[in-house]
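To start, the structure itself, in structure tokens.
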Amino acid sequence: MSRYHVFTPEHAIDYARRHGPGFDTAARLSAAEVGDGNLNQVFRVVDDAGGRSVIVKQALPYIRCVGESWPLTRERARIEAGVLRRHGEHCPEHTVALLHQNAGLSVLMLEDLSAWRLWRQALMAGEAPAETADRLGHYLARVLYHGSDFHLASIAKRAEMVRFSNPELCAATETVFFDDPYHDHPRNQIAPALRPLAEQLWRDGPLKRRVAALKHRFLCDAEALLHGDLHTGSVFVTEGGLKVFDAEFGCYGPMGFDLGSAIGNLLLNHCGQPGLHPGEKGRAEQRRRREEVQTLWRRFHDDFTALAAGCADPALAEPGYVADFLARVWRDSLGYAGTELIRRTIGIAQVADLNGIEEEATRLACQRTALTLGRALILEADTLAGGKELAALVVACRQPSGEN
């Protein structure tokens, strides 16, 4: 096991040369840091002559965007490698390939998808491939089913829960999703004009009780092995495919958390459209986002139902139970989508779908929409039986911007 040290580009080159597939020992390699800077170091290592490339990712012993004042276990690299292996077993076509792992260095080597595009960037540009939501629904059905009690025997499932125990990153999730945004915490990032609306949320007892219930489910309900941070910035897309990456927040939890995170990010982009694409282009993109939410859920629901037809557990195979279970997952997904909207608008980790809007009045209107919609999803999840009701709620929560 190698002794831990923080990688430089030269270290990444040496690691790729020794462990990367197909690199000639005499090849001239170069490396550049390509990560978003939130958690880890991420290097792209390229053979300058042959064009072959890999990603070298190293976990630091703290949250990079905060610094050493927020220490964080390097164990997350082991968790990420394990999740990618598990999810890759059951949905290899939509999971980034893990090429090598060094536990002592907290380093992963991954296939390079730089020629692909982040889903967030494609959505913001209005150029997302049409089949992306359908593919993500398929991925979620495959990986969540196979990591759940519907597929695993009880003893195997409980062993997996121990293996994928991820207490520090789960604690970080609990903090940024369910705690910080609902009171006046210094980590929050709130535009002065949004503060009155944020303060309303902090005083909203019914909302905070529903958030408490969502947090409690995240704490207690080990339904499946989650990706744990499934937003539009952790998905690469191309016209022919989709690949999910960045799984270091993986853990056992409620299925609706992954689904809700994905739905919430589609709705964040929906909220930002008046500033991203004013006029008819933005309205068309909003219609697409609403359709994509329904497509994602429908593909997940149908694929999961088909897989669960082979469930060997006699209780879970009881006729009608899978439908009842998925109805609850839908409600959970809407609630978690609401927490994603709120935390991405006033919490520590915000998104370019909103913050990238240059015109201030429009940006603020879009942010108000996100907060209003987030609150409504959390409070009204139990009344939204399907996609049509959700679409109507999304439209009703729009705040006037004067731009669209």
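Starting from 1 in every chain, residues are counted up; chains themselves are A, B, ... following the order of the structure tokens, and ligands are numbered from 1 as listed.
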* To do: Do a neighbour search on Val46 in chain A at 9 Å with only C-alpha atoms, toss out local chain neighbours closer than 2 positions, and write the hits as a ChimeraX atom specification.
  => /A:13,28-32,44,48-55
* **Contacts of Gly272 in chain A within 9 Å, only C-alpha atoms, excl. fewer than 6 positions in-chain, as a list in words** => Met124, Gly282, Ala352, Asp353, Leu354, Asn355, Gly356, Ile357, Thr362, Arg363, Ala365, Cys366, Gln367, Thr369 and Ala370 of chain A
For the selection you just gave me, I'd like the residues written to a file as an mmCIF file, in the first residue's frame, keeping N, CA and C atoms.
```
data_model
loop_
_atom_site.group_PDB
_atom_site.id
_atom_site.type_symbol
_atom_site.label_atom_id
_atom_site.label_comp_id
_atom_site.auth_asym_id
_atom_site.auth_seq_id
_atom_site.Cartn_x
_atom_site.Cartn_y
_atom_site.Cartn_z
ATOM 1 N N MET A 124 -28.159 23.754 -20.019
ATOM 2 C CA MET A 124 -28.082 25.219 -20.017
ATOM 3 C C MET A 124 -27.986 25.788 -21.428
ATOM 4 N N GLY A 282 -36.890 29.612 -24.254
ATOM 5 C CA GLY A 282 -36.945 29.231 -22.854
ATOM 6 C C GLY A 282 -38.216 28.479 -22.513
ATOM 7 N N ALA A 352 -24.975 26.719 -11.648
ATOM 8 C CA ALA A 352 -24.880 27.720 -12.702
ATOM 9 C C ALA A 352 -26.216 27.952 -13.400
ATOM 10 N N ASP A 353 -27.139 26.978 -13.342
ATOM 11 C CA ASP A 353 -28.455 27.160 -13.959
ATOM 12 C C ASP A 353 -29.129 28.433 -13.434
ATOM 13 N N LEU A 354 -28.862 28.787 -12.180
ATOM 14 C CA LEU A 354 -29.405 30.006 -11.592
ATOM 15 C C LEU A 354 -28.334 31.093 -11.468
ATOM 16 N N ASN A 355 -27.207 30.760 -10.875
ATOM 17 C CA ASN A 355 -26.188 31.776 -10.610
ATOM 18 C C ASN A 355 -25.529 32.297 -11.873
ATOM 19 N N GLY A 356 -25.625 31.550 -12.979
ATOM 20 C CA GLY A 356 -25.032 32.005 -14.231
ATOM 21 C C GLY A 356 -25.871 33.004 -14.988
ATOM 22 N N ILE A 357 -27.039 33.352 -14.481
ATOM 23 C CA ILE A 357 -27.899 34.341 -15.136
ATOM 24 C C ILE A 357 -27.352 35.735 -14.844
ATOM 25 N N THR A 362 -33.793 39.220 -13.283
ATOM 26 C CA THR A 362 -34.227 37.918 -13.790
ATOM 27 C C THR A 362 -33.662 36.793 -12.937
ATOM 28 N N ARG A 363 -32.385 36.915 -12.571
ATOM 29 C CA ARG A 363 -31.776 35.884 -11.719
ATOM 30 C C ARG A 363 -32.532 35.755 -10.410
ATOM 31 N N ALA A 365 -35.652 36.546 -9.789
ATOM 32 C CA ALA A 365 -36.975 35.962 -10.031
ATOM 33 C C ALA A 365 -36.862 34.452 -10.196
ATOM 34 N N CYS A 366 -35.841 33.995 -10.907
ATOM 35 C CA CYS A 366 -35.650 32.550 -11.091
ATOM 36 C C CYS A 366 -35.329 31.867 -9.768
ATOM 37 N N GLN A 367 -34.532 32.519 -8.930
ATOM 38 C CA GLN A 367 -34.218 31.952 -7.625
ATOM 39 C C GLN A 367 -35.459 31.904 -6.736
ATOM 40 N N THR A 369 -38.473 31.546 -7.816
ATOM 41 C CA THR A 369 -39.251 30.428 -8.335
ATOM 42 C C THR A 369 -38.756 29.112 -7.751
ATOM 43 N N ALA A 370 -37.433 28.959 -7.724
ATOM 44 C CA ALA A 370 -36.856 27.706 -7.202
ATOM 45 C C ALA A 370 -37.226 27.502 -5.737
#
```
* Could you pull out the helix (DSSP H, G or I) residues of range 84-216 of chain A from DSSP and send them as a PyMOL selection string? -> chain A and resi 84-90+92-94+119-125+132-146+154-163+167-182+192-202+205-216
* To do: Identify which of the residues A:Leu152, A:Ala284, A:Val244, A:Leu105 lies closest to Glu223 in chain A, counting only C-alpha atoms when measuring atom-to-atom distances.
  => A:Leu152
* Skip Pro71 in chain A itself and residues of its chain fewer than 2 positions away, then list as a VMD selection string all residues within 6 Å of it, counting only C-alpha atoms. => chain A and resid 61 to 62 68
File of the preceding selection, N, CA and C atoms, as an mmCIF file, in the first residue's frame:
```cif
data_model
loop_
_atom_site.group_PDB
_atom_site.id
_atom_site.type_symbol
_atom_site.label_atom_id
_atom_site.label_comp_id
_atom_site.auth_asym_id
_atom_site.auth_seq_id
_atom_site.Cartn_x
_atom_site.Cartn_y
_atom_site.Cartn_z
ATOM 1 N N PRO A 61 -7.912 15.139 2.209
ATOM 2 C CA PRO A 61 -8.425 14.893 3.574
ATOM 3 C C PRO A 61 -9.304 16.029 4.112
ATOM 4 N N TYR A 62 -9.931 16.773 3.218
ATOM 5 C CA TYR A 62 -10.838 17.862 3.609
ATOM 6 C C TYR A 62 -11.703 18.201 2.406
ATOM 7 N N GLU A 68 -9.186 23.232 4.922
ATOM 8 C CA GLU A 68 -8.866 22.327 6.010
ATOM 9 C C GLU A 68 -9.757 22.519 7.235
#
```
* **A:Glu340, A:Leu276, A:Ile263, A:Pro314 ranked by distance to Glu292 in chain A, top pick (using only C-alpha atoms)** =>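 Counting only C-alpha atoms, the residue closest to Glu292 in chain A is A:Ile263.
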* DSSP-assigned strand (DSSP E or B) among range 69-296 of chain A, expressed as a ChimeraX atom specification -> /A:69-71,95,98-102,107-111,117-118,224-226,235-238,241-244,251-253
Could you write those residues out with N, CA and C atoms, as a short mmCIF file (atom, residue, chain, number, x, y, z; two decimals), in the first residue's frame?
```cif
data_model
loop_
_atom_site.label_atom_id
_atom_site.label_comp_id
_atom_site.auth_asym_id
_atom_site.auth_seq_id
_atom_site.Cartn_x
_atom_site.Cartn_y
_atom_site.Cartn_z
N SER A 69 -10.54 23.61 7.26
CA SER A 69 -11.46 23.81 8.38
C SER A 69 -12.61 22.81 8.37
N TRP A 70 -12.84 22.12 7.23
CA TRP A 70 -13.87 21.08 7.16
C TRP A 70 -13.18 19.79 6.74
N PRO A 71 -12.57 19.07 7.68
CA PRO A 71 -11.89 17.81 7.33
C PRO A 71 -12.89 16.77 6.85
N THR A 95 -22.46 3.60 -16.50
CA THR A 95 -21.60 3.84 -15.35
C THR A 95 -20.18 4.06 -15.85
N LEU A 98 -14.24 2.12 -14.00
CA LEU A 98 -13.12 2.20 -13.06
C LEU A 98 -11.99 1.34 -13.60
N LEU A 99 -10.82 1.95 -13.86
CA LEU A 99 -9.70 1.25 -14.48
C LEU A 99 -8.67 0.77 -13.46
N HIS A 100 -8.53 1.49 -12.35
CA HIS A 100 -7.54 1.11 -11.34
C HIS A 100 -7.86 1.87 -10.06
N GLN A 101 -7.46 1.29 -8.94
CA GLN A 101 -7.66 1.92 -7.64
C GLN A 101 -6.44 1.69 -6.78
N ASN A 102 -6.03 2.71 -6.01
CA ASN A 102 -4.97 2.57 -5.01
C ASN A 102 -5.54 3.12 -3.70
N VAL A 107 -6.64 7.09 -4.60
CA VAL A 107 -6.65 7.44 -6.01
C VAL A 107 -7.47 6.44 -6.80
N LEU A 108 -8.25 6.97 -7.74
CA LEU A 108 -8.96 6.16 -8.73
C LEU A 108 -8.50 6.58 -10.12
N MET A 109 -8.39 5.60 -11.01
CA MET A 109 -8.20 5.90 -12.42
C MET A 109 -9.48 5.52 -13.15
N LEU A 110 -10.00 6.45 -13.94
CA LEU A 110 -11.29 6.30 -14.59
C LEU A 110 -11.15 6.52 -16.08
N GLU A 111 -12.11 5.98 -16.83
CA GLU A 111 -12.12 6.28 -18.26
C GLU A 111 -12.34 7.78 -18.44
N ARG A 117 -20.13 15.55 -22.73
CA ARG A 117 -20.52 16.85 -22.19
C ARG A 117 -21.26 16.64 -20.88
N LEU A 118 -20.99 17.50 -19.92
CA LEU A 118 -21.79 17.45 -18.70
C LEU A 118 -23.24 17.74 -19.03
N ALA A 224 -31.70 0.92 -0.70
CA ALA A 224 -30.87 0.51 -1.84
C ALA A 224 -29.53 1.22 -1.76
N LEU A 225 -28.57 0.72 -2.53
CA LEU A 225 -27.27 1.37 -2.63
C LEU A 225 -27.40 2.56 -3.57
N LEU A 226 -27.29 3.76 -3.01
CA LEU A 226 -27.47 4.99 -3.76
C LEU A 226 -26.17 5.47 -4.39
N VAL A 235 -23.28 13.66 -14.40
CA VAL A 235 -23.71 12.83 -15.53
C VAL A 235 -23.09 13.39 -16.81
N PHE A 236 -22.37 12.56 -17.55
CA PHE A 236 -21.88 12.91 -18.87
C PHE A 236 -22.85 12.38 -19.91
N VAL A 237 -23.07 13.18 -20.97
CA VAL A 237 -24.00 12.78 -22.02
C VAL A 237 -23.37 13.00 -23.39
N THR A 238 -23.88 12.24 -24.33
CA THR A 238 -23.58 12.40 -25.74
C THR A 238 -24.81 11.94 -26.50
N GLY A 241 -25.29 8.23 -25.73
CA GLY A 241 -25.22 7.58 -24.44
C GLY A 241 -25.21 8.50 -23.25
N LEU A 242 -25.06 7.88 -22.08
CA LEU A 242 -25.04 8.56 -20.78
C LEU A 242 -24.11 7.77 -19.86
N LYS A 243 -23.31 8.48 -19.06
CA LYS A 243 -22.45 7.85 -18.07
C LYS A 243 -22.53 8.65 -16.77
N VAL A 244 -22.77 7.94 -15.68
CA VAL A 244 -22.83 8.54 -14.35
C VAL A 244 -21.47 8.37 -13.68
N CYS A 251 -24.07 5.40 -0.57
CA CYS A 251 -24.45 4.84 0.73
C CYS A 251 -25.77 4.11 0.54
N TYR A 252 -26.21 3.40 1.58
CA TYR A 252 -27.55 2.83 1.58
C TYR A 252 -28.53 3.89 2.10
N GLY A 253 -29.63 4.05 1.38
CA GLY A 253 -30.62 5.04 1.76
C GLY A 253 -31.89 4.88 0.96
#
```
* **Pick from A:Gly228, A:Pro206, A:Gly256, A:Gly22 nearest to Glu380 in chain A, counting only C-alpha atoms** =>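 Among the listed residues, the smallest separation from Glu380 in chain A belongs to A:Pro206.
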* Pick out the closest residue to His90 in chain A from this set: A:Val143, A:Ala247, A:Ile342, A:Ala130. Count only C-alpha atoms. => A:Val143
Sorted by chain and rising residue number, list the residues of range 142-237 of chain A at most 12 Å from range 328-336 of chain A (counting only C-alpha atoms), each with its closest atom pair and distance in Å to one decimal, as JSON lines.
```
{"residue": "A:Leu144", "atom": "CA", "partner": "A:Val329", "partner_atom": "CA", "distance": 11.6}
{"residue": "A:Thr173", "atom": "CA", "partner": "A:Tyr336", "partner_atom": "CA", "distance": 11.9}
{"residue": "A:Glu174", "atom": "CA", "partner": "A:Tyr336", "partner_atom": "CA", "distance": 11.8}
{"residue": "A:Phe177", "atom": "CA", "partner": "A:Tyr336", "partner_atom": "CA", "distance": 8.8}
{"residue": "A:Phe178", "atom": "CA", "partner": "A:Tyr336", "partner_atom": "CA", "distance": 9.7}
{"residue": "A:Leu207", "atom": "CA", "partner": "A:Gly335", "partner_atom": "CA", "distance": 10.5}
{"residue": "A:Lys208", "atom": "CA", "partner": "A:Gly335", "partner_atom": "CA", "distance": 11.9}
{"residue": "A:Arg209", "atom": "CA", "partner": "A:Gly335", "partner_atom": "CA", "distance": 12.0}
{"residue": "A:Arg210", "atom": "CA", "partner": "A:Gly335", "partner_atom": "CA", "distance": 8.3}
{"residue": "A:Val211", "atom": "CA", "partner": "A:Gly335", "partner_atom": "CA", "distance": 8.0}
{"residue": "A:Ala212", "atom": "CA", "partner": "A:Gly335", "partner_atom": "CA", "distance": 11.0}
{"residue": "A:Ala213", "atom": "CA", "partner": "A:Gly335", "partner_atom": "CA", "distance": 9.7}
{"residue": "A:Leu214", "atom": "CA", "partner": "A:Tyr336", "partner_atom": "CA", "distance": 7.1}
{"residue": "A:Lys215", "atom": "CA", "partner": "A:Tyr336", "partner_atom": "CA", "distance": 9.2}
{"residue": "A:His216", "atom": "CA", "partner": "A:Asp332", "partner_atom": "CA", "distance": 11.8}
{"residue": "A:Arg217", "atom": "CA", "partner": "A:Asp332", "partner_atom": "CA", "distance": 9.0}
{"residue": "A:Phe218", "atom": "CA", "partner": "A:Tyr336", "partner_atom": "CA", "distance": 9.7}
{"residue": "A:Asp221", "atom": "CA", "partner": "A:Asp332", "partner_atom": "CA", "distance": 11.4}
{"residue": "A:Glu223", "atom": "CA", "partner": "A:Val329", "partner_atom": "CA", "distance": 10.1}
{"residue": "A:Ala224", "atom": "CA", "partner": "A:Val329", "partner_atom": "CA", "distance": 11.7}
{"residue": "A:Gly228", "atom": "CA", "partner": "A:Tyr336", "partner_atom": "CA", "distance": 11.9}
{"residue": "A:Asp229", "atom": "CA", "partner": "A:Tyr336", "partner_atom": "CA", "distance": 11.8}
{"residue": "A:Leu230", "atom": "CA", "partner": "A:Tyr336", "partner_atom": "CA", "distance": 11.7}
```
* Among listed residues A:Ala191, A:Ala59, A:Leu268, A:Leu307, nearest His138 in chain A (using only C-alpha atoms) ->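 Residue with the minimum atom-to-atom distance to His138 in chain A: A:Leu307.
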Report the closest atom pair, with its distance in Å rounded to one decimal, for each residue of range 324-367 of chain A that has an atom no farther than 8 Å from range 180-190 of chain A; count only C-alpha atoms, sort by chain and then rising residue number, and write it as JSON lines.
```
{"residue": "A:Ile342", "atom": "CA", "partner": "A:Pro181", "partner_atom": "CA", "distance": 7.1}
{"residue": "A:Arg343", "atom": "CA", "partner": "A:Pro181", "partner_atom": "CA", "distance": 5.8}
{"residue": "A:Thr345", "atom": "CA", "partner": "A:Ile190", "partner_atom": "CA", "distance": 7.8}
{"residue": "A:Ile346", "atom": "CA", "partner": "A:Ile190", "partner_atom": "CA", "distance": 5.0}
{"residue": "A:Gly347", "atom": "CA", "partner": "A:Asn188", "partner_atom": "CA", "distance": 4.4}
{"residue": "A:Ile348", "atom": "CA", "partner": "A:Asn188", "partner_atom": "CA", "distance": 5.1}
```
Convert the current residue selection to file output with N, CA, C and O atoms, as a tab-separated table (two decimals), in the first residue's frame.
```tsv
chain	number	residue	atom	x	y	z
A	342	ILE	N	-34.18	23.96	-2.83
A	342	ILE	CA	-33.92	24.96	-1.79
A	342	ILE	C	-32.43	25.05	-1.47
A	342	ILE	O	-31.84	26.14	-1.42
A	343	ARG	N	-31.77	23.91	-1.29
A	343	ARG	CA	-30.37	23.96	-0.88
A	343	ARG	C	-29.47	24.48	-1.99
A	343	ARG	O	-28.47	25.12	-1.73
A	345	THR	N	-30.26	26.83	-3.96
A	345	THR	CA	-30.57	28.25	-4.15
A	345	THR	C	-30.03	29.12	-3.02
A	345	THR	O	-29.54	30.22	-3.27
A	346	ILE	N	-30.05	28.62	-1.79
A	346	ILE	CA	-29.56	29.44	-0.67
A	346	ILE	C	-28.50	28.73	0.15
A	346	ILE	O	-27.99	29.31	1.12
A	347	GLY	N	-28.15	27.50	-0.19
A	347	GLY	CA	-27.15	26.76	0.58
A	347	GLY	C	-25.75	26.95	0.04
A	347	GLY	O	-25.46	27.85	-0.77
A	348	ILE	N	-24.84	26.05	0.45
A	348	ILE	CA	-23.42	26.25	0.17
A	348	ILE	C	-23.03	25.88	-1.25
A	348	ILE	O	-22.11	26.47	-1.82
```
* Point-to-point distance in Å for CA of Thr305 in chain A and CA of Pro92 in chain A ->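 So the answer is 20.2 Å.
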